[in-house]
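Structure file upload-v6.pdb (PDB, C-alpha atoms) is printed below.
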```pdb
ATOM      1  CA  MET A   1      15.043-152.350  -1.500
ATOM      2  CA  LYS A   2      17.556-154.644   0.222
ATOM      3  CA  LYS A   3      20.177-151.858   0.087
ATOM      4  CA  ILE A   4      17.735-149.384   1.687
ATOM      5  CA  LEU A   5      16.953-151.849   4.475
ATOM      6  CA  THR A   6      20.690-152.344   5.074
ATOM      7  CA  ILE A   7      21.281-148.583   5.405
ATOM      8  CA  ILE A   8      18.279-148.264   7.775
ATOM      9  CA  SER A   9      19.689-151.097   9.905
ATOM     10  CA  ILE A  10      23.078-149.387  10.088
ATOM     11  CA  LEU A  11      21.412-146.111  11.097
ATOM     12  CA  ILE A  12      19.637-147.884  13.953
ATOM     13  CA  ILE A  13      22.914-149.457  15.116
ATOM     14  CA  LEU A  14      24.674-146.089  15.033
ATOM     15  CA  LEU A  15      21.895-144.457  17.021
ATOM     16  CA  VAL A  16      22.199-147.166  19.689
ATOM     17  CA  ILE A  17      25.985-146.728  20.044
ATOM     18  CA  TYR A  18      25.970-142.954  19.480
ATOM     19  CA  GLN A  19      26.186-142.288  23.216
ATOM     20  CA  PHE A  20      29.556-144.075  23.176
ATOM     21  CA  LYS A  21      30.839-142.231  20.097
ATOM     22  CA  PRO A  22      30.316-138.478  20.554
ATOM     23  CA  VAL A  23      31.308-137.553  16.992
ATOM     24  CA  GLU A  24      29.302-135.026  14.997
ATOM     25  CA  GLN A  25      27.560-135.456  11.629
ATOM     26  CA  THR A  26      25.973-138.909  11.895
ATOM     27  CA  VAL A  27      25.062-138.972   8.183
ATOM     28  CA  ASP A  28      28.728-138.554   7.215
ATOM     29  CA  LYS A  29      29.594-141.424   9.537
ATOM     30  CA  VAL A  30      27.067-143.703   7.849
ATOM     31  CA  ILE A  31      28.593-142.919   4.455
ATOM     32  CA  ALA A  32      32.113-143.582   5.743
ATOM     33  CA  TYR A  33      30.976-146.738   7.516
ATOM     34  CA  THR A  34      29.339-148.235   4.427
ATOM     35  CA  SER A  35      32.028-147.307   1.882
ATOM     36  CA  GLU A  36      35.734-147.978   1.560
ATOM     37  CA  SER A  37      38.132-145.157   0.810
ATOM     38  CA  SER A  38      39.772-145.362  -2.615
ATOM     39  CA  LEU A  39      43.031-144.372  -0.905
ATOM     40  CA  ILE A  40      43.380-147.676   0.962
ATOM     41  CA  ASN A  41      45.773-150.427  -0.149
ATOM     42  CA  LYS A  42      44.487-153.620   1.421
ATOM     43  CA  ASP A  43      47.527-155.706   0.399
ATOM     44  CA  SER A  44      50.036-153.786   2.497
ATOM     45  CA  LEU A  45      51.699-154.144   5.882
ATOM     46  CA  SER A  46      52.954-150.670   6.848
ATOM     47  CA  ILE A  47      51.373-147.293   7.493
ATOM     48  CA  LYS A  48      53.099-145.726   4.485
ATOM     49  CA  SER A  49      52.023-148.438   2.062
ATOM     50  CA  ARG A  50      48.497-148.867   3.500
ATOM     51  CA  VAL A  51      47.336-145.373   2.483
ATOM     52  CA  ASN A  52      47.797-143.654  -0.889
ATOM     53  CA  ILE A  53      48.564-139.961  -1.276
ATOM     54  CA  PRO A  54      45.578-137.771  -2.266
ATOM     55  CA  ASP A  55      45.735-136.096  -5.680
ATOM     56  CA  GLY A  56      47.810-132.907  -5.621
ATOM     57  CA  TYR A  57      49.789-133.854  -2.503
ATOM     58  CA  LYS A  58      53.228-135.314  -1.824
ATOM     59  CA  ARG A  59      54.760-136.849   1.286
ATOM     60  CA  VAL A  60      56.854-134.563   3.503
ATOM     61  CA  ARG A  61      60.398-135.939   3.633
ATOM     62  CA  TYR A  62      62.196-136.732   6.902
ATOM     63  CA  PRO A  63      65.713-138.048   7.595
ATOM     64  CA  LYS A  64      66.311-141.780   7.569
ATOM     65  CA  GLY A  65      66.324-143.128  11.126
ATOM     66  CA  SER A  66      64.217-140.249  12.483
ATOM     67  CA  PHE A  67      61.200-140.793  14.729
ATOM     68  CA  GLU A  68      59.060-139.481  11.891
ATOM     69  CA  GLU A  69      60.286-142.153   9.457
ATOM     70  CA  TYR A  70      60.030-144.800  12.178
ATOM     71  CA  LEU A  71      56.321-144.035  12.615
ATOM     72  CA  ARG A  72      55.560-143.701   8.915
ATOM     73  CA  ASN A  73      56.990-147.164   8.249
ATOM     74  CA  TYR A  74      55.475-148.830  11.310
ATOM     75  CA  LYS A  75      54.315-152.373  10.620
ATOM     76  CA  LEU A  76      50.621-153.209  10.379
ATOM     77  CA  LYS A  77      48.713-156.455  10.709
ATOM     78  CA  PRO A  78      46.822-157.696   7.622
ATOM     79  CA  TYR A  79      43.924-155.524   6.470
ATOM     80  CA  GLY A  80      40.669-156.402   8.202
ATOM     81  CA  THR A  81      42.288-157.408  11.497
ATOM     82  CA  LYS A  82      39.913-156.534  14.340
ATOM     83  CA  ILE A  83      40.514-154.356  17.392
ATOM     84  CA  ILE A  84      41.021-156.689  20.358
ATOM     85  CA  ASN A  85      40.783-155.664  24.004
ATOM     86  CA  TYR A  86      43.455-156.639  26.534
ATOM     87  CA  ASP A  87      41.265-159.512  27.781
ATOM     88  CA  ASN A  88      41.119-160.981  24.256
ATOM     89  CA  THR A  89      37.527-159.848  23.621
ATOM     90  CA  GLU A  90      36.580-157.898  20.506
ATOM     91  CA  TYR A  91      36.037-154.147  20.867
ATOM     92  CA  PHE A  92      32.329-153.373  20.478
ATOM     93  CA  TRP A  93      32.795-151.132  17.409
ATOM     94  CA  GLN A  94      34.987-152.155  14.461
ATOM     95  CA  GLY A  95      33.963-149.409  12.022
ATOM     96  CA  GLY A  96      36.560-146.730  12.771
ATOM     97  CA  HIS A  97      39.941-148.151  11.736
ATOM     98  CA  ILE A  98      41.867-149.102   8.598
ATOM     99  CA  GLY A  99      44.807-150.842  10.210
ATOM    100  CA  ILE A 100      46.141-152.459  13.395
ATOM    101  CA  LEU A 101      49.702-151.642  14.442
ATOM    102  CA  GLU A 102      52.083-154.438  15.458
ATOM    103  CA  VAL A 103      52.076-153.358  19.116
ATOM    104  CA  PRO A 104      51.427-156.131  21.665
ATOM    105  CA  VAL A 105      48.690-155.406  24.218
ATOM    106  CA  PRO A 106      49.621-156.595  27.746
ATOM    107  CA  LYS A 107      46.995-158.694  29.500
ATOM    108  CA  ASN A 108      47.205-156.487  32.615
ATOM    109  CA  GLY A 109      45.006-153.817  31.023
ATOM    110  CA  LEU A 110      47.411-150.969  31.778
ATOM    111  CA  GLN A 111      48.435-149.969  28.245
ATOM    112  CA  GLN A 112      45.639-147.503  27.500
ATOM    113  CA  CYS A 113      45.526-144.523  25.126
ATOM    114  CA  ALA A 114      48.441-142.394  26.394
ATOM    115  CA  ASP A 115      50.381-145.474  27.474
ATOM    116  CA  ALA A 116      50.411-146.963  23.973
ATOM    117  CA  LEU A 117      52.036-143.797  22.601
ATOM    118  CA  ILE A 118      54.495-143.704  25.503
ATOM    119  CA  ARG A 119      55.472-147.273  24.648
ATOM    120  CA  ILE A 120      56.002-146.528  20.949
ATOM    121  CA  ARG A 121      58.163-143.484  21.740
ATOM    122  CA  SER A 122      60.151-145.404  24.368
ATOM    123  CA  GLU A 123      60.769-148.389  22.084
ATOM    124  CA  TYR A 124      62.075-146.052  19.387
ATOM    125  CA  LEU A 125      64.553-144.494  21.832
ATOM    126  CA  TRP A 126      65.549-147.952  23.090
ATOM    127  CA  ASN A 127      66.159-149.240  19.555
ATOM    128  CA  LYS A 128      68.237-146.153  18.707
ATOM    129  CA  ASN A 129      70.401-146.653  21.825
ATOM    130  CA  ARG A 130      69.067-143.410  23.287
ATOM    131  CA  LYS A 131      67.907-145.118  26.456
ATOM    132  CA  ASN A 132      68.985-142.289  28.756
ATOM    133  CA  GLU A 133      66.352-140.068  27.106
ATOM    134  CA  ILE A 134      63.508-142.337  28.238
ATOM    135  CA  GLY A 135      61.586-140.722  31.076
ATOM    136  CA  PHE A 136      58.157-139.309  31.865
ATOM    137  CA  ASN A 137      56.429-137.302  34.543
ATOM    138  CA  PHE A 138      53.916-138.896  36.878
ATOM    139  CA  THR A 139      50.587-137.089  37.148
ATOM    140  CA  SER A 140      51.994-135.652  40.392
ATOM    141  CA  GLY A 141      54.690-133.925  38.318
ATOM    142  CA  HIS A 142      57.595-136.091  39.532
ATOM    143  CA  TYR A 143      59.988-137.248  36.810
ATOM    144  CA  CYS A 144      60.699-140.968  36.544
ATOM    145  CA  SER A 145      63.505-141.997  34.192
ATOM    146  CA  TRP A 146      64.420-145.405  32.835
ATOM    147  CA  LYS A 147      68.057-144.702  33.782
ATOM    148  CA  LYS A 148      67.293-144.409  37.518
ATOM    149  CA  TYR A 149      64.821-147.311  37.417
ATOM    150  CA  ALA A 150      67.453-149.525  35.774
ATOM    151  CA  GLU A 151      69.903-148.530  38.514
ATOM    152  CA  GLY A 152      67.435-149.890  41.084
ATOM    153  CA  TYR A 153      65.572-146.761  42.205
ATOM    154  CA  ARG A 154      61.859-147.170  42.926
ATOM    155  CA  PRO A 155      59.222-144.594  43.864
ATOM    156  CA  LYS A 156      57.729-144.380  47.327
ATOM    157  CA  ILE A 157      54.323-142.777  46.922
ATOM    158  CA  ASN A 158      52.367-141.185  49.726
ATOM    159  CA  GLY A 159      49.404-139.300  48.354
ATOM    160  CA  SER A 160      50.833-136.574  46.100
ATOM    161  CA  LYS A 161      54.310-136.951  47.611
ATOM    162  CA  VAL A 162      56.815-139.074  45.707
ATOM    163  CA  SER A 163      60.404-139.930  46.629
ATOM    164  CA  PHE A 164      62.817-142.375  44.997
ATOM    165  CA  HIS A 165      64.953-144.901  46.863
ATOM    166  CA  LYS A 166      67.415-147.560  45.747
ATOM    167  CA  THR A 167      65.626-150.760  46.736
ATOM    168  CA  ALA A 168      66.496-153.107  43.866
ATOM    169  CA  ALA A 169      69.594-154.427  42.137
ATOM    170  CA  ALA A 170      70.642-152.747  38.904
ATOM    171  CA  ASN A 171      68.966-154.364  35.899
ATOM    172  CA  TYR A 172      69.263-152.994  32.361
ATOM    173  CA  SER A 173      67.423-155.860  30.616
ATOM    174  CA  LYS A 174      64.569-155.528  28.136
ATOM    175  CA  ASP A 175      62.284-157.403  30.545
ATOM    176  CA  ASN A 176      62.992-154.827  33.235
ATOM    177  CA  PHE A 177      62.374-152.055  30.698
ATOM    178  CA  TYR A 178      58.812-153.299  30.238
ATOM    179  CA  LYS A 179      58.346-153.435  34.014
ATOM    180  CA  TYR A 180      59.407-149.789  34.044
ATOM    181  CA  LEU A 181      56.808-148.995  31.375
ATOM    182  CA  ASN A 182      54.111-150.684  33.472
ATOM    183  CA  LEU A 183      55.044-148.318  36.297
ATOM    184  CA  ILE A 184      54.737-145.352  33.941
ATOM    185  CA  TYR A 185      51.363-146.600  32.687
ATOM    186  CA  THR A 186      50.154-146.715  36.295
ATOM    187  CA  TYR A 187      51.170-143.202  37.342
ATOM    188  CA  SER A 188      51.200-141.249  34.057
ATOM    189  CA  GLY A 189      48.564-140.556  31.418
ATOM    190  CA  THR A 190      46.930-137.894  29.290
ATOM    191  CA  LEU A 191      46.891-135.382  32.137
ATOM    192  CA  SER A 192      50.610-135.719  32.869
ATOM    193  CA  LEU A 193      51.512-135.517  29.166
ATOM    194  CA  TYR A 194      49.204-132.509  28.738
ATOM    195  CA  ASN A 195      51.038-130.657  31.516
ATOM    196  CA  GLU A 196      54.542-131.932  30.752
ATOM    197  CA  LEU A 197      54.952-131.630  26.992
ATOM    198  CA  LYS A 198      55.577-128.602  24.820
ATOM    199  CA  SER A 199      52.523-127.341  22.932
ATOM    200  CA  VAL A 200      52.689-126.966  19.156
ATOM    201  CA  LYS A 201      50.716-124.770  16.744
ATOM    202  CA  ALA A 202      48.890-126.477  13.873
ATOM    203  CA  LYS A 203      51.105-124.804  11.257
ATOM    204  CA  ASP A 204      54.185-126.380  12.850
ATOM    205  CA  LEU A 205      52.827-129.919  13.233
ATOM    206  CA  LYS A 206      54.905-132.891  12.102
ATOM    207  CA  ILE A 207      54.797-136.661  12.369
ATOM    208  CA  GLY A 208      55.098-137.784  15.996
ATOM    209  CA  ASP A 209      53.147-134.850  17.404
ATOM    210  CA  MET A 210      49.947-135.587  19.302
ATOM    211  CA  LEU A 211      46.428-134.213  19.622
ATOM    212  CA  ILE A 212      45.551-134.371  23.302
ATOM    213  CA  LYS A 213      42.774-133.788  25.796
ATOM    214  CA  GLY A 214      44.228-134.023  29.271
ATOM    215  CA  GLY A 215      41.978-135.398  31.972
ATOM    216  CA  THR A 216      40.579-138.388  33.781
ATOM    217  CA  PRO A 217      39.400-139.526  31.389
ATOM    218  CA  GLY A 218      41.118-137.749  28.530
ATOM    219  CA  HIS A 219      42.289-138.917  25.137
ATOM    220  CA  ILE A 220      45.271-138.664  22.808
ATOM    221  CA  VAL A 221      46.132-139.598  19.214
ATOM    222  CA  MET A 222      49.463-139.479  17.360
ATOM    223  CA  LEU A 223      50.263-138.135  13.888
ATOM    224  CA  CYS A 224      51.966-140.870  11.849
ATOM    225  CA  ASP A 225      52.162-139.665   8.232
ATOM    226  CA  GLU A 226      52.141-136.289   6.526
ATOM    227  CA  VAL A 227      51.493-134.938   3.022
ATOM    228  CA  VAL A 228      51.525-131.401   1.622
ATOM    229  CA  ASN A 229      50.267-129.703  -1.550
ATOM    230  CA  ASP A 230      51.695-126.796  -3.552
ATOM    231  CA  ASN A 231      49.756-124.308  -1.401
ATOM    232  CA  GLY A 232      51.436-125.596   1.754
ATOM    233  CA  GLU A 233      48.241-127.274   3.019
ATOM    234  CA  LYS A 234      48.979-130.398   5.014
ATOM    235  CA  LEU A 235      47.066-133.583   5.774
ATOM    236  CA  PHE A 236      47.926-136.195   8.412
ATOM    237  CA  LEU A 237      47.214-139.800   9.320
ATOM    238  CA  LEU A 238      46.427-140.594  12.957
ATOM    239  CA  PHE A 239      46.607-143.644  15.188
ATOM    240  CA  GLN A 240      45.444-144.263  18.732
ATOM    241  CA  GLY A 241      45.276-146.645  21.641
ATOM    242  CA  ASN A 242      42.140-146.601  23.740
ATOM    243  CA  THR A 243      40.414-147.394  27.017
ATOM    244  CA  PRO A 244      39.974-150.250  27.717
ATOM    245  CA  ALA A 245      43.512-151.179  26.680
ATOM    246  CA  GLN A 246      43.294-152.549  23.166
ATOM    247  CA  SER A 247      44.962-152.869  19.767
ATOM    248  CA  VAL A 248      46.649-149.664  18.623
ATOM    249  CA  HIS A 249      44.933-148.725  15.382
ATOM    250  CA  LEU A 250      45.161-146.400  12.382
ATOM    251  CA  VAL A 251      41.897-144.462  12.294
ATOM    252  CA  LYS A 252      39.468-143.537   9.554
ATOM    253  CA  ASN A 253      38.319-139.963   9.031
ATOM    254  CA  LEU A 254      34.568-140.371   9.466
ATOM    255  CA  GLU A 255      33.785-136.709   8.803
ATOM    256  CA  ASP A 256      35.644-136.099   5.513
ATOM    257  CA  ASP A 257      34.916-138.888   3.057
ATOM    258  CA  ALA A 258      36.804-137.095   0.268
ATOM    259  CA  HIS A 259      40.132-137.329   2.098
ATOM    260  CA  ASN A 260      39.469-140.332   4.370
ATOM    261  CA  PRO A 261      41.611-141.441   6.212
ATOM    262  CA  TRP A 262      43.674-138.207   5.998
ATOM    263  CA  TYR A 263      42.918-135.350   8.430
ATOM    264  CA  LYS A 264      43.279-131.609   8.063
ATOM    265  CA  LEU A 265      44.372-130.275  11.459
ATOM    266  CA  GLU A 266      43.845-126.699  12.609
ATOM    267  CA  ASP A 267      44.070-124.727  15.828
ATOM    268  CA  ASP A 268      40.988-124.353  18.026
ATOM    269  CA  ILE A 269      38.639-126.681  16.163
ATOM    270  CA  VAL A 270      36.230-129.361  17.336
ATOM    271  CA  LEU A 271      37.489-132.590  15.808
ATOM    272  CA  GLY A 272      35.936-136.043  15.712
ATOM    273  CA  VAL A 273      38.477-138.862  15.671
ATOM    274  CA  SER A 274      36.976-142.346  15.402
ATOM    275  CA  ASN A 275      35.093-142.893  18.692
ATOM    276  CA  TYR A 276      36.035-139.608  20.390
ATOM    277  CA  THR A 277      35.391-135.897  19.855
ATOM    278  CA  PHE A 278      38.060-133.404  20.871
ATOM    279  CA  GLY A 279      36.052-130.412  22.085
ATOM    280  CA  SER A 280      39.089-128.189  21.634
ATOM    281  CA  THR A 281      42.440-128.950  20.084
ATOM    282  CA  LYS A 282      45.835-128.886  21.761
ATOM    283  CA  TYR A 283      48.880-130.392  20.100
ATOM    284  CA  VAL A 284      51.971-131.518  21.981
ATOM    285  CA  ARG A 285      55.392-132.950  21.109
ATOM    286  CA  PHE A 286      57.637-135.438  22.903
ATOM    287  CA  LYS A 287      60.936-134.018  24.119
TER     288      LYS A 287
END
```
How does the structure come out when it is put into structure tokens?
Amino acid sequence: MKKILTIISILIILLVIYQFKPVEQTVDKVIAYTSESSLINKDSLSIKSRVNIPDGYKRVRYPKGSFEEYLRNYKLKPYGTKIINYDNTEYFWQGGHIGILEVPVPKNGLQQCADALIRIRSEYLWNKNRKNEIGFNFTSGHYCSWKKYAEGYRPKINGSKVSFHKTAAANYSKDNFYKYLNLIYTYSGTLSLYNELKSVKAKDLKIGDMLIKGGTPGHIVMLCDEVVNDNGEKLFLLFQGNTPAQSVHLVKNLEDDAHNPWYKLEDDIVLGVSNYTFGSTKYVRFK
């Protein structure tokens, strides 16, 4: 009887917050919410070690030092760590994740969903001494590179018109790099990435690619691990930032309890990811 009352209570809670979580199949969500996946390793501190491989699958191999391996081995906080907003408050819903990535969340509130992925990509390039490859389009379409920013060039913005002028001394420091990223967070986002980046078909997806809905607001998640079976069918793990700016987190699959937290990704499908539903799927890849 106590178990039945607990499930009824959870159903009521889900109905209250359903307007904030437009994901289909509420019953499946209740099951996922009340049960732990057998594929989760709680005593682990990386994406690769946190989640076991489903039966019949094997991990797709990537070169050592690649962006794909960098993401797969990304460090996680201890299991059970909560999602924290930029203002140090707890996110209202803690039922959709199985790990928190070791990505600091600035107190300025700028590092939202697209920004968190921009940061992770930029830090990889920085660490690999590929700094001259760091650059992103503003929503206006104007390209802003770390190289020119470090040389002292700053944007002058007048409506949709943007021009760059040397107004600061050259500064190639890590502190200045994060100031550059704050600029990108301010003037770039899901819409700019949607328009800027190359689209990818589901059959060609790999770690580091992203599922995106461009807009204001829009949303974006990144693929961070990949397995394949003998029939060539692939499954992926996903992580996301969010709005408000908050902990970057590895998400559950609330609609496929058998494979949770792995996702099967296809072209032109409606896909629920944690607290967001992608009404149509478009995949993109960083340059």
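Here the PyMOL selection byres ((chain A and resi 125) around 12) catches exactly these residues: Gly65, Ser66, Phe67, Tyr70, Ile118, Arg119, Ile120, Arg121, Ser122, Glu123, Tyr124, Trp126, Asn127, Lys128, Asn129, Arg130, Lys131, Asn132, Glu133, Ile134, Gly135, Trp146, Phe177, Phe286 and Lys287 of chain A.
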Spatial neighbours of Pro244 in chain A, max dist 12 Å, all atoms listed in the file, sep filter under 2 positions, as a list in words:
Ile83, Ile84, Asn85, Tyr86, Asp87, Asn88, Thr89, Glu90, Tyr91, Phe92, Val105, Pro106, Lys107, Asn108, Gly109, Leu110, Gln111, Gln112, Cys113, Ala114, Asp115, Ala116, Pro217, His219, Gly241, Asn242, Gln246, Ser247 and Val248 of chain A
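Picked out by the PyMOL selection byres ((chain A and resi 208) around 8) when it runs on this file: A:Phe67, A:Glu68, A:Leu71, A:Lys206, A:Ile207, A:Asp209, A:Met210, A:Met222, A:Leu223, A:Cys224, A:Arg285, A:Phe286.
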Name the closest residue to Glu255 in chain A among the candidates A:Glu151, A:Leu205, A:Leu271, A:Lys58; distances are taken between atoms, counting all atoms listed in the file.
A:Leu271
What do you get, as a PDB file with C-alpha atoms, in the frame of the given file, if you spell out every residue that the PyMOL selection byres ((chain A and resi 213-216) around 12) selects here?
```pdb
ATOM      1  CA  CYS A 113      45.526-144.523  25.126  1.00  0.00           C
ATOM      2  CA  ALA A 114      48.441-142.394  26.394  1.00  0.00           C
ATOM      3  CA  THR A 139      50.587-137.089  37.148  1.00  0.00           C
ATOM      4  CA  SER A 188      51.200-141.249  34.057  1.00  0.00           C
ATOM      5  CA  GLY A 189      48.564-140.556  31.418  1.00  0.00           C
ATOM      6  CA  THR A 190      46.930-137.894  29.290  1.00  0.00           C
ATOM      7  CA  LEU A 191      46.891-135.382  32.137  1.00  0.00           C
ATOM      8  CA  SER A 192      50.610-135.719  32.869  1.00  0.00           C
ATOM      9  CA  LEU A 193      51.512-135.517  29.166  1.00  0.00           C
ATOM     10  CA  TYR A 194      49.204-132.509  28.738  1.00  0.00           C
ATOM     11  CA  ASN A 195      51.038-130.657  31.516  1.00  0.00           C
ATOM     12  CA  GLU A 196      54.542-131.932  30.752  1.00  0.00           C
ATOM     13  CA  LEU A 197      54.952-131.630  26.992  1.00  0.00           C
ATOM     14  CA  MET A 210      49.947-135.587  19.302  1.00  0.00           C
ATOM     15  CA  LEU A 211      46.428-134.213  19.622  1.00  0.00           C
ATOM     16  CA  ILE A 212      45.551-134.371  23.302  1.00  0.00           C
ATOM     17  CA  PRO A 217      39.400-139.526  31.389  1.00  0.00           C
ATOM     18  CA  GLY A 218      41.118-137.749  28.530  1.00  0.00           C
ATOM     19  CA  HIS A 219      42.289-138.917  25.137  1.00  0.00           C
ATOM     20  CA  ILE A 220      45.271-138.664  22.808  1.00  0.00           C
ATOM     21  CA  VAL A 221      46.132-139.598  19.214  1.00  0.00           C
ATOM     22  CA  THR A 243      40.414-147.394  27.017  1.00  0.00           C
ATOM     23  CA  VAL A 270      36.230-129.361  17.336  1.00  0.00           C
ATOM     24  CA  LEU A 271      37.489-132.590  15.808  1.00  0.00           C
ATOM     25  CA  TYR A 276      36.035-139.608  20.390  1.00  0.00           C
ATOM     26  CA  THR A 277      35.391-135.897  19.855  1.00  0.00           C
ATOM     27  CA  PHE A 278      38.060-133.404  20.871  1.00  0.00           C
ATOM     28  CA  GLY A 279      36.052-130.412  22.085  1.00  0.00           C
ATOM     29  CA  SER A 280      39.089-128.189  21.634  1.00  0.00           C
ATOM     30  CA  THR A 281      42.440-128.950  20.084  1.00  0.00           C
ATOM     31  CA  LYS A 282      45.835-128.886  21.761  1.00  0.00           C
ATOM     32  CA  TYR A 283      48.880-130.392  20.100  1.00  0.00           C
ATOM     33  CA  VAL A 284      51.971-131.518  21.981  1.00  0.00           C
TER      34      VAL A 284
END
```
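Minimum atom-to-atom distances from A:Phe138, A:Ala150, A:Ile40, A:Asp175 to Val162 in chain A were compared using only C-alpha atoms, and the lowest value belongs to A:Phe138.
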Mind giving me the axis-aligned box for range 57-73 of chain A with 8 Å on every side, centre plus edges in Å to one decimal, as lines of an AutoDock Vina configuration file?
```
center_x = 58.1
center_y = -140.5
center_z = 6.1
size_x = 32.5
size_y = 29.3
size_z = 33.2
```
Could you name the residues that touch range 258-265 of chain A at 10 Å or less, counting only C-alpha atoms, but leaving out those on the same chain fewer than 3 positions away, as a ChimeraX atom specification?
/A:32,36-40,51-55,96-98,201-203,205,211,223,225-227,233-238,250-255,268-269,271,273,281,283
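Taking only C-alpha atoms into account, Asn171 in chain A lies nearest to A:Tyr153 out of the set A:Thr186, A:Tyr153, A:Tyr57, A:Ser145.
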Tell me which protein, DNA and RNA residues are within 6 Å of Asn73 in chain A, counting all atoms listed in the file, leaving out same-chain ones fewer than 5 positions away, and put them as a compact mmCIF listing (two decimals) with C-alpha atoms, in the frame of the given file.
```txt
# COMPACT_ATOMS: atom_id res chain seq x y z
CA SER A 46 52.95 -150.67 6.85
CA ILE A 47 51.37 -147.29 7.49
CA LYS A 48 53.10 -145.73 4.49
```
All heavy atoms modelled onto range 267-272 of chain A, as a short mmCIF file (atom, residue, chain, number, x, y, z; two decimals), in the coordinates of the input:
```cif
data_model
loop_
_atom_site.label_atom_id
_atom_site.label_comp_id
_atom_site.auth_asym_id
_atom_site.auth_seq_id
_atom_site.Cartn_x
_atom_site.Cartn_y
_atom_site.Cartn_z
N ASP A 267 44.17 -125.17 14.44
CA ASP A 267 44.07 -124.73 15.83
C ASP A 267 42.62 -124.46 16.20
O ASP A 267 41.82 -124.00 15.36
CB ASP A 267 44.88 -123.44 16.04
CG ASP A 267 46.38 -123.65 15.89
OD1 ASP A 267 46.88 -124.66 16.42
OD2 ASP A 267 47.04 -122.82 15.24
N ASP A 268 42.28 -124.75 17.45
CA ASP A 268 40.99 -124.35 18.03
C ASP A 268 39.78 -124.84 17.23
O ASP A 268 38.83 -124.09 16.98
CB ASP A 268 40.92 -122.82 18.17
CG ASP A 268 42.05 -122.29 19.03
OD1 ASP A 268 42.39 -122.94 20.03
OD2 ASP A 268 42.61 -121.23 18.69
N ILE A 269 39.81 -126.11 16.84
CA ILE A 269 38.64 -126.68 16.16
C ILE A 269 38.11 -127.86 16.97
O ILE A 269 38.82 -128.47 17.77
CB ILE A 269 38.97 -127.16 14.73
CG1 ILE A 269 40.05 -128.25 14.75
CG2 ILE A 269 39.36 -126.00 13.86
CD1 ILE A 269 40.25 -128.93 13.42
N VAL A 270 36.82 -128.15 16.78
CA VAL A 270 36.23 -129.36 17.34
C VAL A 270 36.48 -130.46 16.31
O VAL A 270 36.15 -130.30 15.13
CB VAL A 270 34.73 -129.17 17.59
CG1 VAL A 270 34.09 -130.48 18.03
CG2 VAL A 270 34.51 -128.07 18.64
N LEU A 271 37.07 -131.57 16.75
CA LEU A 271 37.49 -132.59 15.81
C LEU A 271 37.06 -133.98 16.27
O LEU A 271 37.40 -134.40 17.38
CB LEU A 271 39.01 -132.55 15.63
CG LEU A 271 39.59 -133.47 14.55
CD1 LEU A 271 39.16 -132.99 13.17
CD2 LEU A 271 41.11 -133.50 14.64
N GLY A 272 36.32 -134.67 15.42
CA GLY A 272 35.94 -136.04 15.71
C GLY A 272 36.99 -137.00 15.18
O GLY A 272 37.35 -136.94 14.01
#
```
